[in-house]
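A.B. asks: Here's a structure for you.
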Amino acid sequence: MSLPAGPAARLTVHLTGGAIWHHRPVHAEIVHRARQAGLPGASALAAIEGFGGHLRVHQEHPSRLRDRTPVAVVLIAEKQRLRDFLADLDDILAVTGVAVMDTVHVHVPAHRATDG
């Protein structure tokens with residue numbers, strides 16, 4: 001399911017790369033839950049460098065990036081669908097991560113909008 005052009009919302013969940021949820025990386029759990037919820041898409045993006053509440057900068061050798069560097073899971077959908085999905089992430093967010101939701105505008109080029 002693709003999003004129509006126009007207003008939408010973006011949910012970004014910020015995580016530590018090595019965070020685990022029931023024997024699975026947290027970012028993978030969120031992506032799989034998004035798929036099960038029927039959301040249009042989700043991307044887990046690994047950062048090269050970052051810091052969190054502890055204020056220590058994590059900058060690792062590329063072979064160890066997954067251990068502690070930040071990961072962001074980004075989802076774009078209608079605002080209410082993301083609010084409902086966010087409520088389903090309360091169990092994870094109570095333990096790790098922080099979620100941010102903001103308003104975005106989806107742009108679909110004219111040739112894609114008519115391709116069907």
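Residues in the structure tokens are named by chain (A, B, ... in the order shown) and by number from 1 within that chain; ligands are numbered from 1 in the order shown.
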Would you please give, as a ChimeraX atom specification, all residues of chain A that DSSP assigns to helix (DSSP H, G or I) based on the backbone?

C.D. replies: /A:26-36,62-68,79-88,90-93,110-113

A.B. asks: Which neighbours of segment 77-82 of chain A fall inside 6 Å, counting only C-alpha atoms, when residues of the same chain fewer than 3 positions from it are skipped, and could you give them as a list in words?

C.D. replies: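 Non-adjacent residues within range: Ala8, Ala9, Phe85 and Leu86 of chain A.
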
A.B. asks: How would the residues just picked look written out with N, CA and C atoms as a PDB file, in the first residue's frame?

C.D. replies:
ATOM      1  N   ALA A   8       0.709  13.803   5.903  1.00  0.00           N
ATOM      2  CA  ALA A   8       0.868  12.506   6.566  1.00  0.00           C
ATOM      3  C   ALA A   8       1.667  12.749   7.842  1.00  0.00           C
ATOM      4  N   ALA A   9       2.074  11.681   8.487  1.00  0.00           N
ATOM      5  CA  ALA A   9       2.893  11.793   9.695  1.00  0.00           C
ATOM      6  C   ALA A   9       4.090  10.866   9.558  1.00  0.00           C
ATOM      7  N   PHE A  85      -0.373   2.632  16.125  1.00  0.00           N
ATOM      8  CA  PHE A  85       0.812   1.775  16.116  1.00  0.00           C
ATOM      9  C   PHE A  85       1.730   2.121  17.282  1.00  0.00           C
ATOM     10  N   LEU A  86       1.880   3.396  17.554  1.00  0.00           N
ATOM     11  CA  LEU A  86       2.731   3.834  18.665  1.00  0.00           C
ATOM     12  C   LEU A  86       2.232   3.263  19.989  1.00  0.00           C
TER      13      LEU A  86
END

A.B. asks: Choose the residue, out of A:Leu11, A:Val73, A:Leu3, A:Val106, that has the smallest atom-to-atom separation from Ile30 of chain A; count only C-alpha atoms.

C.D. replies: A:Val73

A.B. asks: Just to confirm, what's the straight-line distance from atom CA of His22 of chain A to atom CA of Val57 of chain A in Å (one decimal)?

C.D. replies: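 Atom-to-atom, atom CA of His22 of chain A to atom CA of Val57 of chain A, that is 26.9 Å.
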
A.B. asks: As an exercise, work out the distance from atom CA of Gly97 of chain A to atom CA of Val31 of chain A in Å and give it to one decimal place.

C.D. replies: 14.3 Å

A.B. asks: Using only C-alpha atoms, which of A:Ile76, A:Asp84, A:Ile48, A:Ala34 sits nearest His105 of chain A?

C.D. replies: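 Among the listed residues, the smallest separation from His105 of chain A belongs to A:Ile76.
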
A.B. asks: Check the smallest atom-to-atom distance from each of A:Leu39, A:Ala5, A:Ala46, A:Thr12 to Val98 of chain A using only C-alpha atoms, then report the winner.

C.D. replies: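 Of all the options, A:Thr12 lies closest to Val98 of chain A.
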
A.B. asks: In Å, with one decimal, what is the gap from atom CA of Gly6 of chain A to atom CA of Val104 of chain A?

C.D. replies: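 Separation between atom CA of Gly6 of chain A and atom CA of Val104 of chain A: 8.3 Å.
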